[in-house]
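*Asks:* Before I ask anything, here is the structure I am working with.
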Amino acid sequence: MEAGLVQILEGALLAAGEPLSVQRMALLFEENERPSKEEIRAAIQSVEERCEDRGYELVQVASGYRFQVRQDLATWVGRLWQERPARYSRALMETLSLIAYRQPITRGEIEEIRGVAVSTNIIKTLLEREWVRVVGHRDVPGRPAMYATTRQFLDYFNLKSLDQLPPLAEIKELDNLSGELGLELPEQTSDADAEPDEGGEASQSETAAEDAATADGEQPELEDADDAQQDTRTD
Amino acid sequence: MEAGLVQILEGALLAAGEPLSVQRMALLFEENERPSKEEIRAAIQSVEERCEDRGYELVQVASGYRFQVRQDLATWVGRLWQERPARYSRALMETLSLIAYRQPITRGEIEEIRGVAVSTNIIKTLLEREWVRVVGHRDVPGRPAMYATTRQFLDYFNLKSLDQLPPLAEIKELDNLSGELGLELPEQTSDADAEPDEGGEASQSETAAEDAATADGEQPELEDADDAQQDTRTD
Amino acid sequence: MTNSAENAPEEGATGEPENPAADTGMPALRPEQGEMPFAMVRGEAVTELPKDLYIPPQALEVFLDAFEVPLDLLLYLIRRQNLDILDIDVAQITEQYMRYVELMDAMQFELAAEYLLMAAMLAEIKSRMLLPRSSEVEDDEEDPRANLVRRLQEYERFKKAAEDLESMPRLERELWQASAAPPDLRLERPLPEVDMREVLLALGEVLRRAEMYASHQIQMESLSTRERMSQVLETLAEGGFVPFVSLFKPEEGRLGVVVTFLALMELMKESLIELVQTEGFGPIHIKAKSE
């Protein structure tokens with residue numbers, strides 16, 4: 001048995017227990033024996049091919065490559081643990097989605113869209129999981145933190161980049177609003193209504209901001225991993 | 001690709017993060033599909049054989065089977081966790097500089113100049129590094145040791161003799177000095193910041209090691225982090 | 001009890017009864033699907049949201065929990081009429097919504113501010129739509145529902161995005177990072193690297209600080225003298241007397257002699273050495289004073 005580049009990478013990838021970047025793989029070698037990036041990439045290719053018919057595969061995620069158990073084995077492998085995988089409330093997932101698709105975004109902006117306050121616990125959980133981080137502060141009164149997703153978020157959801165998230169649903173044009181109250185809108189108003197969705201967001205946001213501000217209040221602190229009961233309807 | 005017994009065991013062994021007993025492997029299956037112990041053992045045999053020429057092997061330990069990275073890859077795999085060299089605290093650097101310029105000098109004298117206590121750890125570190133040594137004891141109560149620099153100190157800094165150190169007058173012109181050397185003055189508050197600003201190989205691998213450490217969640221402790229705390233200076 | 005099968009993403013859509021008391025690892029409820037189960041009332045699963053407005057009072061709390069936010073309830077009400085959001089019938093929706101809100105109230109349900117706010121907004125839209133429109137303002141005035149519709153659409157996008165995200169395979173649920181035990185490692189920790197400039201900077205800092213203590217006078221002899229002082233002390237460290245002349249090395253030349261002499265003077269001044277001369281013009285011996 002030879003300790004070739006392919007074997008070394010296999011060993012390192014399994015020992016690391018986390019994704020390894022090509023850069024980090026290169027640092028497994030002393031300078032004088034260090035393979036080139038191309039050699040490493042070629043070896044990664046071999047490592048990948050050698051997974052054929054195995055219970056695991058090599059995948060690339062945001063922070064690098066990792067061996068990962070094949071998804072079609074989840075039924076059996078999941079039985080290793082008595083505990084169920086952590087569940088996240090809908091409030092948390094909606095907040096996470098907003099951060100993922102609209103980053104950088106402040107808590108206030110999330111609240112505008114969701115129409116309710118975002119509980120502190122949700123933000124805390126997302127930060128603790130290192131799925132989101134603060135990337136700056138918006139230059140408005142109160143200097144609210146702006147949140148963005150992290151590489152760990154992408155790794156966790158098996159993604160290489162944000163591009164790989166499912167596309168957001170299109171917003172339909174508003175020009176076919178037809179009154180159900182027998183109040184047909186005159187034709188000429190339609191062009192005023194037919195705002196493209198980008199343009200529409202601004203005015204909508206303003207209104208929602210007022211709403212959010214009015215409704216602003218302390219949220220009940222609930223366990224995030226619990227069922228979806230995050231919001232204020234119980235207070 | 002088939003999700004056969006062999007693949008399921010491979011996946012489970014790699015996901016488990018701990019050895020799996022035959023019994024536990026059996027429990028991955030619903031009762032009606034559960035393979036016999038003999039079937040499992042035969043599959044384990046296959047899993048083992050499929051490791052030929054790989055960077056890992058299946059080993060049996062007291063509590064069951066586990067995948068393990070091949071021992072002969074330790075050299076490379078170990079570099080995943082190679083610790084970034086610690087940094088000396090500023091208290092240590094100041095102590096060292098005083099010993100160099102003011103030798104032979106006792107700890108008390110160093111403390112007098114620095115205005116704060118010098119921890120035993122600093123002296124110990126410098127003695128262990130063989131950069132300083134005791135050259136005698138002052139004939140005062142307590143007979144304190146007098147410290148001086150060593151030949152190893154000169155060698156490390158590539159000096160033929162202490163003469164080659166810049167004269168004190170230059171050092172007092174600190175601003176000029178740092179200007180000439182293109183140095184940023186270290187922050188007052190941080191003992192670990194005095195980093196040479198060269199973008200060489202060393203700093204590059206340090207960065208990578210730092211990343212690794214961060215990712216592992218275990219930041220290497222500074223060797224004399226304690227010292228930094230004992231250094232009661234507040235400026 | 002196994003959970004893996006239930007974890008499969010497609011399970012969320014099959015509409016099997018879910019007992020909310022048991023954490024099944026399933027994706028969250030999707031209340032807009034009329035057939036989704038959402039409650040247990042007196043031991044019986046309520047597998048459908050009511051077609052009419054009546055819902056068993058005991059189920060109300062659970063019912064409302066199925067909705068993430070007031071917008072969500074609104075979306076549900078609209079969907080139940082098989083209407084496109086764009087065809088929203090504000091009057092009817094408002095009525096239904098208000099009846100839910102009243103029902104909450106009747107149950108002493110602590111109403112979330114957001115639900116009331118939404119109710120107020122609906123009422124406002126409704127009243128605006130009922131008002132006769134003057135043809136002059138008509139051009140500038142958009143449909144009163146437009147803002148609501150935009151909010152609903154925007155919310156729905158992210159509600160959908162959250163559902164998509166929820167159903168994506170993720171670590172520790174459908175995916176596991178593969179890992180193996182590392183080999184035995186002898187980890188050596190490299191010693192810190194130090195650049196001479198760091199030493200100098202540190203000294204400069206000490207001196208600058210020391211200057212603030214007026215009482216300190218830091219006089220520094222030339223380094224060669226200090227170095228020689230250390231060397232002499234080391235020579236004397238073994239104890240006993242050392243001949244004075246043995247400390248001088250002719251090969252160092254005149255400068256070396258001077259440096260050694262200065263070092264000896266300094267050592268004397270600091271009371272670190274003792275000079276002994278037993279007779280006039282006899283050999284001088286030196287000894288470390290403390291030894």
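By order in the structure tokens, chains are A, B, ...; within a chain, residues start at 1; ligands start at 1, following the order shown.
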Residues within 10 Å of Ala148 (chain B), please, as a list in words. Count only C-alpha atoms; anything in the same chain fewer than 4 positions from it doesn't count.

*Replies:*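 Once the adjacent positions are removed, what remains is Leu96, Leu98, Ile99, Ala100, Tyr101, Arg102, Gln103, Pro104, Ile105, Thr106, Trp131, Val132, Arg133, Val134, Val135, Gly136 and Phe153 of chain B; Arg226, Glu227, Met229, Ser230, Gln231, Leu233 and Glu234 of chain C.
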
*Asks:* Any chance you could export the current selection's C-alpha atoms as a PDB file, in the first residue's frame?

*Replies:*
ATOM      1  CA  LEU B  96      13.619  39.785  27.097  1.00  0.00           C
ATOM      2  CA  LEU B  98      15.570  44.421  29.178  1.00  0.00           C
ATOM      3  CA  ILE B  99      17.666  41.353  29.814  1.00  0.00           C
ATOM      4  CA  ALA B 100      19.380  41.888  26.477  1.00  0.00           C
ATOM      5  CA  TYR B 101      20.145  45.548  26.992  1.00  0.00           C
ATOM      6  CA  ARG B 102      20.584  45.712  30.689  1.00  0.00           C
ATOM      7  CA  GLN B 103      22.215  42.391  31.532  1.00  0.00           C
ATOM      8  CA  PRO B 104      23.096  41.175  34.043  1.00  0.00           C
ATOM      9  CA  ILE B 105      19.795  42.090  35.564  1.00  0.00           C
ATOM     10  CA  THR B 106      17.600  40.687  38.298  1.00  0.00           C
ATOM     11  CA  TRP B 131      17.561  32.618  25.427  1.00  0.00           C
ATOM     12  CA  VAL B 132      18.516  33.710  28.925  1.00  0.00           C
ATOM     13  CA  ARG B 133      20.445  32.111  31.723  1.00  0.00           C
ATOM     14  CA  VAL B 134      21.362  32.863  35.278  1.00  0.00           C
ATOM     15  CA  VAL B 135      24.864  34.265  35.446  1.00  0.00           C
ATOM     16  CA  GLY B 136      25.034  34.854  39.161  1.00  0.00           C
ATOM     17  CA  PHE B 153      19.829  34.117  21.844  1.00  0.00           C
TER      18      PHE B 153
ATOM     19  CA  ARG C 226      26.912  44.708  29.479  1.00  0.00           C
ATOM     20  CA  GLU C 227      27.623  41.583  27.515  1.00  0.00           C
ATOM     21  CA  MET C 229      29.686  41.812  32.434  1.00  0.00           C
ATOM     22  CA  SER C 230      27.541  38.756  31.883  1.00  0.00           C
ATOM     23  CA  GLN C 231      30.491  36.804  30.576  1.00  0.00           C
ATOM     24  CA  LEU C 233      29.912  36.759  35.945  1.00  0.00           C
ATOM     25  CA  GLU C 234      29.515  33.480  34.216  1.00  0.00           C
TER      26      GLU C 234
END

*Asks:* Kindly determine which residues of chain B lie within 6 Å of chain A, considering only C-alpha atoms, and give the answer as a PyMOL selection string.

*Replies:* chain B and resi 1+7-8+10-12+28+53-56+69+76-77+79

*Asks:* Could those residues be written to a file, using N, CA and C atoms, as an mmCIF file, in the first residue's frame?

*Replies:*
data_model
loop_
_atom_site.group_PDB
_atom_site.id
_atom_site.type_symbol
_atom_site.label_atom_id
_atom_site.label_comp_id
_atom_site.auth_asym_id
_atom_site.auth_seq_id
_atom_site.Cartn_x
_atom_site.Cartn_y
_atom_site.Cartn_z
ATOM 1 N N MET B 1 -26.317 2.596 -8.597
ATOM 2 C CA MET B 1 -25.787 2.370 -7.245
ATOM 3 C C MET B 1 -26.867 1.737 -6.378
ATOM 4 N N GLN B 7 -23.054 -1.163 1.613
ATOM 5 C CA GLN B 7 -23.108 0.302 1.543
ATOM 6 C C GLN B 7 -23.719 0.899 2.814
ATOM 7 N N ILE B 8 -24.766 0.259 3.285
ATOM 8 C CA ILE B 8 -25.411 0.777 4.496
ATOM 9 C C ILE B 8 -24.433 0.758 5.662
ATOM 10 N N GLU B 10 -21.162 0.797 5.487
ATOM 11 C CA GLU B 10 -20.134 1.824 5.249
ATOM 12 C C GLU B 10 -20.640 3.199 5.667
ATOM 13 N N GLY B 11 -21.840 3.495 5.230
ATOM 14 C CA GLY B 11 -22.410 4.803 5.566
ATOM 15 C C GLY B 11 -22.571 4.970 7.066
ATOM 16 N N ALA B 12 -23.082 3.947 7.707
ATOM 17 C CA ALA B 12 -23.335 4.048 9.143
ATOM 18 C C ALA B 12 -22.022 4.170 9.915
ATOM 19 N N LEU B 28 -29.974 -1.184 12.718
ATOM 20 C CA LEU B 28 -30.229 -0.198 11.669
ATOM 21 C C LEU B 28 -31.393 -0.639 10.786
ATOM 22 N N ASP B 53 -5.940 -0.193 -0.446
ATOM 23 C CA ASP B 53 -5.392 0.934 -1.209
ATOM 24 C C ASP B 53 -6.098 2.261 -0.903
ATOM 25 N N ARG B 54 -6.868 2.288 0.165
ATOM 26 C CA ARG B 54 -7.521 3.548 0.534
ATOM 27 C C ARG B 54 -6.738 4.236 1.651
ATOM 28 N N GLY B 55 -7.138 5.450 1.951
ATOM 29 C CA GLY B 55 -6.455 6.189 3.009
ATOM 30 C C GLY B 55 -6.968 5.840 4.398
ATOM 31 N N TYR B 56 -7.802 4.834 4.468
ATOM 32 C CA TYR B 56 -8.412 4.484 5.746
ATOM 33 C C TYR B 56 -8.594 2.989 5.798
ATOM 34 N N VAL B 69 -8.185 6.312 9.977
ATOM 35 C CA VAL B 69 -7.233 6.767 8.965
ATOM 36 C C VAL B 69 -5.922 6.003 9.153
ATOM 37 N N TRP B 76 0.940 13.536 7.334
ATOM 38 C CA TRP B 76 0.194 14.545 6.579
ATOM 39 C C TRP B 76 -1.093 14.932 7.297
ATOM 40 N N VAL B 77 -1.817 13.901 7.728
ATOM 41 C CA VAL B 77 -3.105 14.162 8.357
ATOM 42 C C VAL B 77 -2.925 14.995 9.629
ATOM 43 N N ARG B 79 -1.080 17.355 10.128
ATOM 44 C CA ARG B 79 -0.930 18.790 9.868
ATOM 45 C C ARG B 79 -2.271 19.517 9.845
#

*Asks:* CA of Ile78 (chain C) and CA of Tyr155 (chain C), how far apart in Å?

*Replies:* 13.8 Å

*Asks:* As a PyMOL selection string, list the residues of region 83-154 of chain B assigned to alpha helix (DSSP H) by DSSP on the backbone atoms of this structure.

*Replies:* chain B and resi 90-102+107-114+120-128+151-154

*Asks:* What does the distance between CA of Gly240 (chain C) and CA of Arg129 (chain B) come to in Å, to one decimal place?

*Replies:*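 That distance, rounded to one decimal, is 29.2 Å.
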
*Asks:* Give the strand (DSSP E or B) residues of region 17-160 of chain A, as DSSP finds them on the backbone, and put them as a list of chain:residue names.

*Replies:*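 Restricting region 17-160 of chain A to strand (DSSP E or B) produces A:Leu20, A:Tyr56, A:Glu57, A:Leu58, A:Val59, A:Gln60, A:Val61, A:Gly64, A:Tyr65, A:Arg66, A:Phe67, A:Gln68, A:Val69, A:Ile105, A:Thr106, A:Val132, A:Arg133, A:Val134, A:Val135, A:Gly136, A:His137, A:Ala145, A:Met146, A:Tyr147, A:Ala148, A:Thr149.
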
*Asks:* Just need the residues of chain C within 7 Å of chain B, counting only C-alpha atoms, so spit them out as an NGL selection string.

*Replies:* :C and (176-185 or 187 or 189-192 or 196 or 198-200 or 202-204 or 206-207 or 210 or 220 or 223-224 or 226-227 or 229-230 or 233-234 or 237 or 272 or 289-290)

*Asks:* Looking at C:Arg157, C:Arg228, C:Arg145, C:Arg151, which one is nearest to Met265 (chain C), with distances taken over only C-alpha atoms?

*Replies:*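 Of C:Arg157, C:Arg228, C:Arg145, C:Arg151, the one nearest Met265 (chain C), counting only C-alpha atoms, is C:Arg228.
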
*Asks:* One decimal, Å: what's the distance from CA of Met118 (chain C) over to CA of Thr94 (chain C), could you say?

*Replies:* 9.4 Å
